[in-house]
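Trainee: Below you'll find data21.cif; it's mmCIF, C-alpha atoms.
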data_coords
loop_
_atom_site.group_PDB
_atom_site.id
_atom_site.type_symbol
_atom_site.label_atom_id
_atom_site.label_comp_id
_atom_site.auth_asym_id
_atom_site.auth_seq_id
_atom_site.Cartn_x
_atom_site.Cartn_y
_atom_site.Cartn_z
ATOM 1 C CA GLY X 53 57.852 45.906 9.769
ATOM 2 C CA ALA X 54 55.238 45.830 7.064
ATOM 3 C CA VAL X 55 51.733 46.926 7.979
ATOM 4 C CA VAL X 56 48.565 45.195 6.856
ATOM 5 C CA SER X 57 45.274 46.923 7.525
ATOM 6 C CA GLN X 58 42.012 45.005 7.649
ATOM 7 C CA HIS X 59 38.549 46.492 7.771
ATOM 8 C CA PRO X 60 36.058 46.165 9.342
ATOM 9 C CA SER X 61 37.188 44.781 12.686
ATOM 10 C CA TRP X 62 33.822 43.295 13.369
ATOM 11 C CA VAL X 63 30.498 43.022 11.632
ATOM 12 C CA ILE X 64 27.094 41.714 12.565
ATOM 13 C CA CYS X 65 24.722 40.922 9.752
ATOM 14 C CA LYS X 66 21.481 39.144 9.045
ATOM 15 C CA SER X 67 21.419 35.756 7.447
ATOM 16 C CA GLY X 68 21.320 36.010 3.668
ATOM 17 C CA THR X 69 23.239 39.250 3.347
ATOM 18 C CA SER X 70 26.712 39.655 1.865
ATOM 19 C CA VAL X 71 29.683 41.044 3.724
ATOM 20 C CA LYS X 72 32.831 42.521 2.235
ATOM 21 C CA ILE X 73 36.134 42.533 4.099
ATOM 22 C CA GLU X 74 39.073 44.630 2.915
ATOM 23 C CA CYS X 75 42.739 43.930 3.374
ATOM 24 C CA ARG X 76 45.342 46.550 2.504
ATOM 25 C CA SER X 77 49.097 46.496 2.561
ATOM 26 C CA LEU X 78 49.965 50.004 3.694
ATOM 27 C CA ASP X 79 53.674 50.351 3.090
ATOM 28 C CA PHE X 80 54.505 47.646 0.582
ATOM 29 C CA GLN X 81 53.128 46.010 -2.515
ATOM 30 C CA ALA X 82 51.690 42.557 -2.080
ATOM 31 C CA THR X 83 51.268 40.484 -5.212
ATOM 32 C CA THR X 84 49.949 37.698 -3.016
ATOM 33 C CA MET X 85 47.704 37.849 0.003
ATOM 34 C CA PHE X 86 46.245 35.022 2.019
ATOM 35 C CA TRP X 87 42.864 34.677 3.654
ATOM 36 C CA TYR X 88 42.538 32.587 6.788
ATOM 37 C CA ARG X 89 39.591 31.614 8.902
ATOM 38 C CA GLN X 90 39.768 30.902 12.613
ATOM 39 C CA PHE X 91 37.099 29.433 14.859
ATOM 40 C CA PRO X 92 37.283 30.037 18.625
ATOM 41 C CA LYS X 93 40.225 28.290 20.265
ATOM 42 C CA GLN X 94 41.262 26.726 16.979
ATOM 43 C CA SER X 95 44.090 27.204 14.545
ATOM 44 C CA LEU X 96 44.151 29.312 11.417
ATOM 45 C CA MET X 97 42.828 27.533 8.372
ATOM 46 C CA LEU X 98 43.925 28.798 4.991
ATOM 47 C CA MET X 99 40.947 29.521 2.791
ATOM 48 C CA ALA X 100 42.510 30.943 -0.328
ATOM 49 C CA THR X 101 45.477 32.636 -1.902
ATOM 50 C CA SER X 102 44.691 35.961 -3.488
ATOM 51 C CA ASN X 103 46.770 36.800 -6.533
ATOM 52 C CA GLU X 104 46.935 40.321 -7.925
ATOM 53 C CA GLY X 105 45.454 40.495 -11.380
ATOM 54 C CA SER X 106 44.378 36.873 -11.545
ATOM 55 C CA LYS X 107 41.947 34.432 -10.014
ATOM 56 C CA ALA X 108 42.320 33.373 -6.439
ATOM 57 C CA THR X 109 43.426 29.872 -5.569
ATOM 58 C CA TYR X 110 41.068 28.183 -3.135
ATOM 59 C CA GLU X 111 41.909 25.434 -0.680
ATOM 60 C CA GLN X 112 40.091 22.164 -0.866
ATOM 61 C CA GLY X 113 36.633 22.378 0.612
ATOM 62 C CA VAL X 114 36.314 26.160 0.330
ATOM 63 C CA GLU X 115 33.465 27.265 -1.910
ATOM 64 C CA LYS X 116 34.727 29.835 -4.382
ATOM 65 C CA ASP X 117 31.226 31.075 -5.128
ATOM 66 C CA LYS X 118 30.600 31.554 -1.440
ATOM 67 C CA PHE X 119 33.815 33.384 -0.647
ATOM 68 C CA LEU X 120 34.554 35.794 -3.472
ATOM 69 C CA ILE X 121 38.068 37.185 -3.582
ATOM 70 C CA ASN X 122 39.177 40.155 -5.599
ATOM 71 C CA HIS X 123 42.765 41.397 -5.757
ATOM 72 C CA ALA X 124 42.547 44.287 -8.175
ATOM 73 C CA SER X 125 45.644 46.166 -7.062
ATOM 74 C CA LEU X 126 48.986 45.486 -5.435
ATOM 75 C CA THR X 127 47.774 46.875 -2.129
ATOM 76 C CA LEU X 128 44.185 45.688 -1.826
ATOM 77 C CA SER X 129 42.468 42.343 -1.601
ATOM 78 C CA THR X 130 38.825 41.883 -0.678
ATOM 79 C CA LEU X 131 36.911 38.881 0.587
ATOM 80 C CA THR X 132 33.141 38.879 0.149
ATOM 81 C CA VAL X 133 31.111 36.363 2.082
ATOM 82 C CA THR X 134 28.016 35.962 -0.051
ATOM 83 C CA SER X 135 24.622 35.047 1.367
ATOM 84 C CA ALA X 136 26.098 34.655 4.814
ATOM 85 C CA HIS X 137 24.636 32.111 7.212
ATOM 86 C CA PRO X 138 25.221 31.573 10.938
ATOM 87 C CA GLU X 139 27.756 28.819 10.222
ATOM 88 C CA ASP X 140 29.892 31.430 8.439
ATOM 89 C CA SER X 141 30.358 33.263 11.709
ATOM 90 C CA SER X 142 34.076 33.234 12.370
ATOM 91 C CA PHE X 143 37.238 35.303 12.648
ATOM 92 C CA TYR X 144 38.625 36.080 9.192
ATOM 93 C CA ILE X 145 42.233 37.221 8.904
ATOM 94 C CA CYS X 146 44.184 38.321 5.886
ATOM 95 C CA SER X 147 47.933 38.281 5.543
ATOM 96 C CA ALA X 148 50.645 39.265 3.124
ATOM 97 C CA ALA X 149 54.279 38.369 2.816
ATOM 98 C CA GLY X 150 56.984 40.956 3.093
ATOM 99 C CA VAL X 151 58.943 41.783 -0.003
ATOM 100 C CA LYS X 152 62.239 40.304 1.108
ATOM 101 C CA ASP X 153 61.298 37.372 3.261
ATOM 102 C CA GLU X 154 58.859 34.588 3.837
ATOM 103 C CA LYS X 155 57.227 35.685 7.052
ATOM 104 C CA LEU X 156 53.637 36.815 7.007
ATOM 105 C CA PHE X 157 52.212 40.063 8.278
ATOM 106 C CA PHE X 158 48.640 39.776 9.406
ATOM 107 C CA GLY X 159 45.761 42.168 9.401
ATOM 108 C CA SER X 160 43.935 42.715 12.666
ATOM 109 C CA GLY X 161 41.159 40.351 11.635
ATOM 110 C CA THR X 162 37.416 40.650 11.171
ATOM 111 C CA GLN X 163 34.989 39.022 13.564
ATOM 112 C CA LEU X 164 31.878 38.125 11.578
ATOM 113 C CA SER X 165 28.667 37.282 13.376
ATOM 114 C CA VAL X 166 25.718 36.196 11.266
ATOM 115 C CA LEU X 167 22.359 36.265 13.019
ATOM 116 C CA GLY Y 204 49.466 15.842 3.033
ATOM 117 C CA GLN Y 205 51.668 17.152 5.761
ATOM 118 C CA GLN Y 206 50.434 16.772 9.286
ATOM 119 C CA VAL Y 207 51.806 18.906 12.065
ATOM 120 C CA MET Y 208 50.854 18.204 15.637
ATOM 121 C CA GLN Y 209 51.501 20.770 18.301
ATOM 122 C CA ILE Y 210 51.544 19.845 21.980
ATOM 123 C CA PRO Y 211 50.347 20.572 24.486
ATOM 124 C CA GLN Y 212 47.074 22.066 23.356
ATOM 125 C CA TYR Y 213 46.833 24.072 26.529
ATOM 126 C CA GLN Y 214 49.215 25.006 29.338
ATOM 127 C CA HIS Y 215 48.521 26.831 32.554
ATOM 128 C CA VAL Y 216 51.572 27.949 34.570
ATOM 129 C CA GLN Y 217 52.447 30.123 37.517
ATOM 130 C CA GLU Y 218 54.408 33.244 36.722
ATOM 131 C CA GLY Y 219 58.103 32.436 36.836
ATOM 132 C CA GLU Y 220 57.705 28.850 35.687
ATOM 133 C CA ASP Y 221 59.087 27.682 32.377
ATOM 134 C CA PHE Y 222 56.979 26.704 29.385
ATOM 135 C CA THR Y 223 57.639 24.611 26.299
ATOM 136 C CA THR Y 224 55.547 23.866 23.241
ATOM 137 C CA TYR Y 225 56.460 21.265 20.647
ATOM 138 C CA CYS Y 226 55.690 21.010 16.964
ATOM 139 C CA ASN Y 227 56.020 17.627 15.250
ATOM 140 C CA SER Y 228 55.732 16.978 11.545
ATOM 141 C CA SER Y 229 55.234 13.716 9.686
ATOM 142 C CA THR Y 230 57.492 14.983 6.906
ATOM 143 C CA THR Y 231 60.700 16.980 6.609
ATOM 144 C CA LEU Y 232 60.155 20.722 6.638
ATOM 145 C CA SER Y 233 62.154 23.221 4.607
ATOM 146 C CA ASN Y 234 61.730 25.759 7.369
ATOM 147 C CA ILE Y 235 59.481 26.505 10.290
ATOM 148 C CA GLN Y 236 58.119 29.731 11.671
ATOM 149 C CA TRP Y 237 56.634 30.610 15.038
ATOM 150 C CA TYR Y 238 53.842 33.080 15.677
ATOM 151 C CA LYS Y 239 52.179 34.435 18.799
ATOM 152 C CA GLN Y 240 48.538 35.420 18.956
ATOM 153 C CA ARG Y 241 47.334 37.357 21.961
ATOM 154 C CA PRO Y 242 43.704 36.869 23.037
ATOM 155 C CA GLY Y 243 41.497 38.781 20.610
ATOM 156 C CA GLY Y 244 44.480 39.686 18.457
ATOM 157 C CA HIS Y 245 46.129 38.548 15.285
ATOM 158 C CA PRO Y 246 49.204 36.357 14.825
ATOM 159 C CA VAL Y 247 52.541 38.108 15.081
ATOM 160 C CA PHE Y 248 55.704 36.658 13.613
ATOM 161 C CA LEU Y 249 58.325 35.611 16.150
ATOM 162 C CA ILE Y 250 61.038 33.770 14.264
ATOM 163 C CA GLN Y 251 61.966 31.531 11.363
ATOM 164 C CA LEU Y 252 64.248 28.492 11.582
ATOM 165 C CA VAL Y 253 65.824 27.074 8.467
ATOM 166 C CA LYS Y 254 68.872 24.989 9.309
ATOM 167 C CA SER Y 255 68.947 21.499 10.783
ATOM 168 C CA GLY Y 256 69.627 21.690 14.515
ATOM 169 C CA GLU Y 257 69.302 25.463 14.552
ATOM 170 C CA VAL Y 258 68.829 27.209 17.881
ATOM 171 C CA LYS Y 259 67.810 30.836 18.172
ATOM 172 C CA LYS Y 260 67.166 32.953 21.239
ATOM 173 C CA GLN Y 261 65.075 36.038 21.793
ATOM 174 C CA LYS Y 262 65.484 37.178 25.376
ATOM 175 C CA ARG Y 263 63.597 34.546 27.402
ATOM 176 C CA LEU Y 264 62.462 32.617 24.318
ATOM 177 C CA THR Y 265 64.524 29.787 22.849
ATOM 178 C CA PHE Y 266 63.596 28.206 19.531
ATOM 179 C CA GLN Y 267 64.969 24.925 18.239
ATOM 180 C CA PHE Y 268 64.718 23.102 14.930
ATOM 181 C CA GLY Y 269 65.340 19.369 15.075
ATOM 182 C CA GLU Y 270 68.229 17.664 13.347
ATOM 183 C CA ALA Y 271 65.855 15.865 11.002
ATOM 184 C CA LYS Y 272 63.876 19.076 10.417
ATOM 185 C CA LYS Y 273 60.696 17.322 11.469
ATOM 186 C CA ASN Y 274 60.201 18.912 14.845
ATOM 187 C CA SER Y 275 60.651 22.201 16.574
ATOM 188 C CA SER Y 276 60.205 23.641 20.023
ATOM 189 C CA LEU Y 277 59.664 26.972 21.690
ATOM 190 C CA HIS Y 278 60.801 27.331 25.287
ATOM 191 C CA ILE Y 279 60.025 30.298 27.492
ATOM 192 C CA THR Y 280 62.115 30.743 30.617
ATOM 193 C CA ALA Y 281 60.512 32.323 33.677
ATOM 194 C CA THR Y 282 57.151 33.141 32.151
ATOM 195 C CA GLN Y 283 55.520 36.502 32.676
ATOM 196 C CA THR Y 284 51.900 37.555 32.316
ATOM 197 C CA THR Y 285 52.830 39.259 29.059
ATOM 198 C CA ASP Y 286 53.581 35.824 27.599
ATOM 199 C CA VAL Y 287 49.884 34.923 27.660
ATOM 200 C CA GLY Y 288 48.555 33.927 24.253
ATOM 201 C CA THR Y 289 48.501 31.120 21.741
ATOM 202 C CA TYR Y 290 51.726 30.051 20.099
ATOM 203 C CA PHE Y 291 51.585 28.568 16.625
ATOM 204 C CA CYS Y 292 54.223 26.910 14.540
ATOM 205 C CA ALA Y 293 53.800 27.332 10.803
ATOM 206 C CA PHE Y 294 55.479 25.874 7.764
ATOM 207 C CA PRO Y 295 55.357 26.222 3.993
ATOM 208 C CA GLY Y 296 52.078 24.753 2.862
ATOM 209 C CA GLY Y 297 53.107 23.466 -0.519
ATOM 210 C CA GLY Y 298 52.521 24.911 -3.921
ATOM 211 C CA GLY Y 299 55.377 27.331 -3.559
ATOM 212 C CA GLY Y 300 55.217 30.958 -2.582
ATOM 213 C CA ASN Y 301 54.597 32.119 0.943
ATOM 214 C CA LYS Y 302 51.593 29.958 1.718
ATOM 215 C CA LEU Y 303 51.785 28.786 5.318
ATOM 216 C CA THR Y 304 50.042 25.987 7.136
ATOM 217 C CA PHE Y 305 49.628 26.508 10.848
ATOM 218 C CA GLY Y 306 49.975 23.990 13.622
ATOM 219 C CA THR Y 307 47.172 23.423 16.078
ATOM 220 C CA GLY Y 308 48.595 25.922 18.535
ATOM 221 C CA THR Y 309 49.343 25.910 22.245
ATOM 222 C CA GLN Y 310 47.384 28.245 24.448
ATOM 223 C CA LEU Y 311 49.424 29.562 27.353
ATOM 224 C CA LYS Y 312 47.909 31.067 30.475
ATOM 225 C CA VAL Y 313 50.093 32.583 33.168
ATOM 226 C CA GLU Y 314 48.858 33.087 36.706
ATOM 227 C CA LEU Y 315 50.338 35.488 39.213
#
Once more with this new file: its structure as structure tokens, please.
Mentor:
Amino acid sequence: GAVVSQHPSWVICKSGTSVKIECRSLDFQATTMFWYRQFPKQSLMLMATSNEGSKATYEQGVEKDKFLINHASLTLSTLTVTSAHPEDSSFYICSAAGVKDEKLFFGSGTQLSVL
Amino acid sequence: GQQVMQIPQYQHVQEGEDFTTYCNSSTTLSNIQWYKQRPGGHPVFLIQLVKSGEVKKQKRLTFQFGEAKKNSSLHITATQTTDVGTYFCAFPGGGGGNKLTFGTGTQLKVEL
């Protein structure tokens, strides 16, 4: 199956700093990638849809200036959490759809802890 | 918008017992997918159901899609410790494309 690589796996940062998370599709081109957020013991909540070469589409309630998404190539999407605060601490997971079907392949996730 | 409830939220079984999780939607779904997330891991695709009344099997796992395409179930026969994890149903989230909305999930724990 398709492989999606996400980096870093975990990050600890001070409040006020920005954190960039990368999501790469290793063996296929992904015109669309999705960014999810997951709090402990909760479901995945879609934050935004990342579209290659155009602006991301954000879900209701997600601050676009807070969570900057860039999808500059067919294999890379980045999520930058700007001026992170403790309430931004969460598990962030990216995903991409395979070329021929509707199922999603997920990255390994990034555990963000903001002190 | 669409609301999908997944029950139970949590299930604790002895190894060898069966397990079932249910996904119920307030609206008709075009298709439904199931994912498994191991503790500390990421969701992994299990299966997609498209047709009304569809039943699919994967070894000890049986997936069903309701006749009205509003509910679905995942049944595991004779659970093993390797079945531990959280099982999510997911469905197209609207707006076209591959956007998925996930159910609330059922966390399964299996004791020896």
Trainee: Need the shell around Asp140 in chain X: protein/DNA/RNA residues with any atom at most 12 Å away, counting only C-alpha atoms. Skip same-chain ones fewer than 3 positions apart. Format as a ChimeraX atom specification?
Mentor: /X:64-71,89-91,114-115,118-119,132-137,143-144,163-167
Trainee: Quick one: which residues end up in the PyMOL selection byres ((chain X) within 12 of (chain Y)) for this structure, as a ChimeraX atom specification?
Mentor: /X:53-58,61-62,82-103,109-112,143-163
Trainee: Could you tell me how far CA of Thr284 in chain Y sits from CA of Cys226 in chain Y, in Å to one decimal place?
Mentor: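 So the two atoms, CA of Cys226 in chain Y and CA of Thr284 in chain Y, lie 22.9 Å apart.
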Trainee: The PyMOL selection byres ((chain Y and resi 282) around 10) on the file shown: which residues, as a PDB file with C-alpha atoms, keeping the file's coordinate frame?
Mentor:
ATOM      1  CA  VAL Y 216      51.572  27.949  34.570  1.00  0.00           C
ATOM      2  CA  GLN Y 217      52.447  30.123  37.517  1.00  0.00           C
ATOM      3  CA  GLU Y 218      54.408  33.244  36.722  1.00  0.00           C
ATOM      4  CA  GLY Y 219      58.103  32.436  36.836  1.00  0.00           C
ATOM      5  CA  GLU Y 220      57.705  28.850  35.687  1.00  0.00           C
ATOM      6  CA  ASP Y 221      59.087  27.682  32.377  1.00  0.00           C
ATOM      7  CA  PHE Y 222      56.979  26.704  29.385  1.00  0.00           C
ATOM      8  CA  ARG Y 263      63.597  34.546  27.402  1.00  0.00           C
ATOM      9  CA  LEU Y 264      62.462  32.617  24.318  1.00  0.00           C
ATOM     10  CA  HIS Y 278      60.801  27.331  25.287  1.00  0.00           C
ATOM     11  CA  ILE Y 279      60.025  30.298  27.492  1.00  0.00           C
ATOM     12  CA  THR Y 280      62.115  30.743  30.617  1.00  0.00           C
ATOM     13  CA  ALA Y 281      60.512  32.323  33.677  1.00  0.00           C
ATOM     14  CA  GLN Y 283      55.520  36.502  32.676  1.00  0.00           C
ATOM     15  CA  THR Y 284      51.900  37.555  32.316  1.00  0.00           C
ATOM     16  CA  THR Y 285      52.830  39.259  29.059  1.00  0.00           C
ATOM     17  CA  ASP Y 286      53.581  35.824  27.599  1.00  0.00           C
ATOM     18  CA  VAL Y 287      49.884  34.923  27.660  1.00  0.00           C
ATOM     19  CA  LEU Y 311      49.424  29.562  27.353  1.00  0.00           C
ATOM     20  CA  LYS Y 312      47.909  31.067  30.475  1.00  0.00           C
ATOM     21  CA  VAL Y 313      50.093  32.583  33.168  1.00  0.00           C
ATOM     22  CA  GLU Y 314      48.858  33.087  36.706  1.00  0.00           C
TER      23      GLU Y 314
END
Trainee: Of the residues X:His123, X:Lys107, X:Val63, X:Asp117, which is the one nearest to Ser142 in chain X, using all atoms listed in the file?
Mentor: X:Val63
Trainee: Can you turn the PyMOL selection byres ((chain Y and resi 269) around 12) into a concrete residue list for this file, as a PyMOL selection string?
Mentor: chain Y and resi 225-228+231-235+252-258+266-268+270-277
Trainee: Please report the interatomic distance between CA of Ala108 in chain X and CA of Val207 in chain Y in Å with one decimal.
Mentor: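 Answer for the CA of Ala108 in chain X to CA of Val207 in chain Y separation: 25.3 Å.
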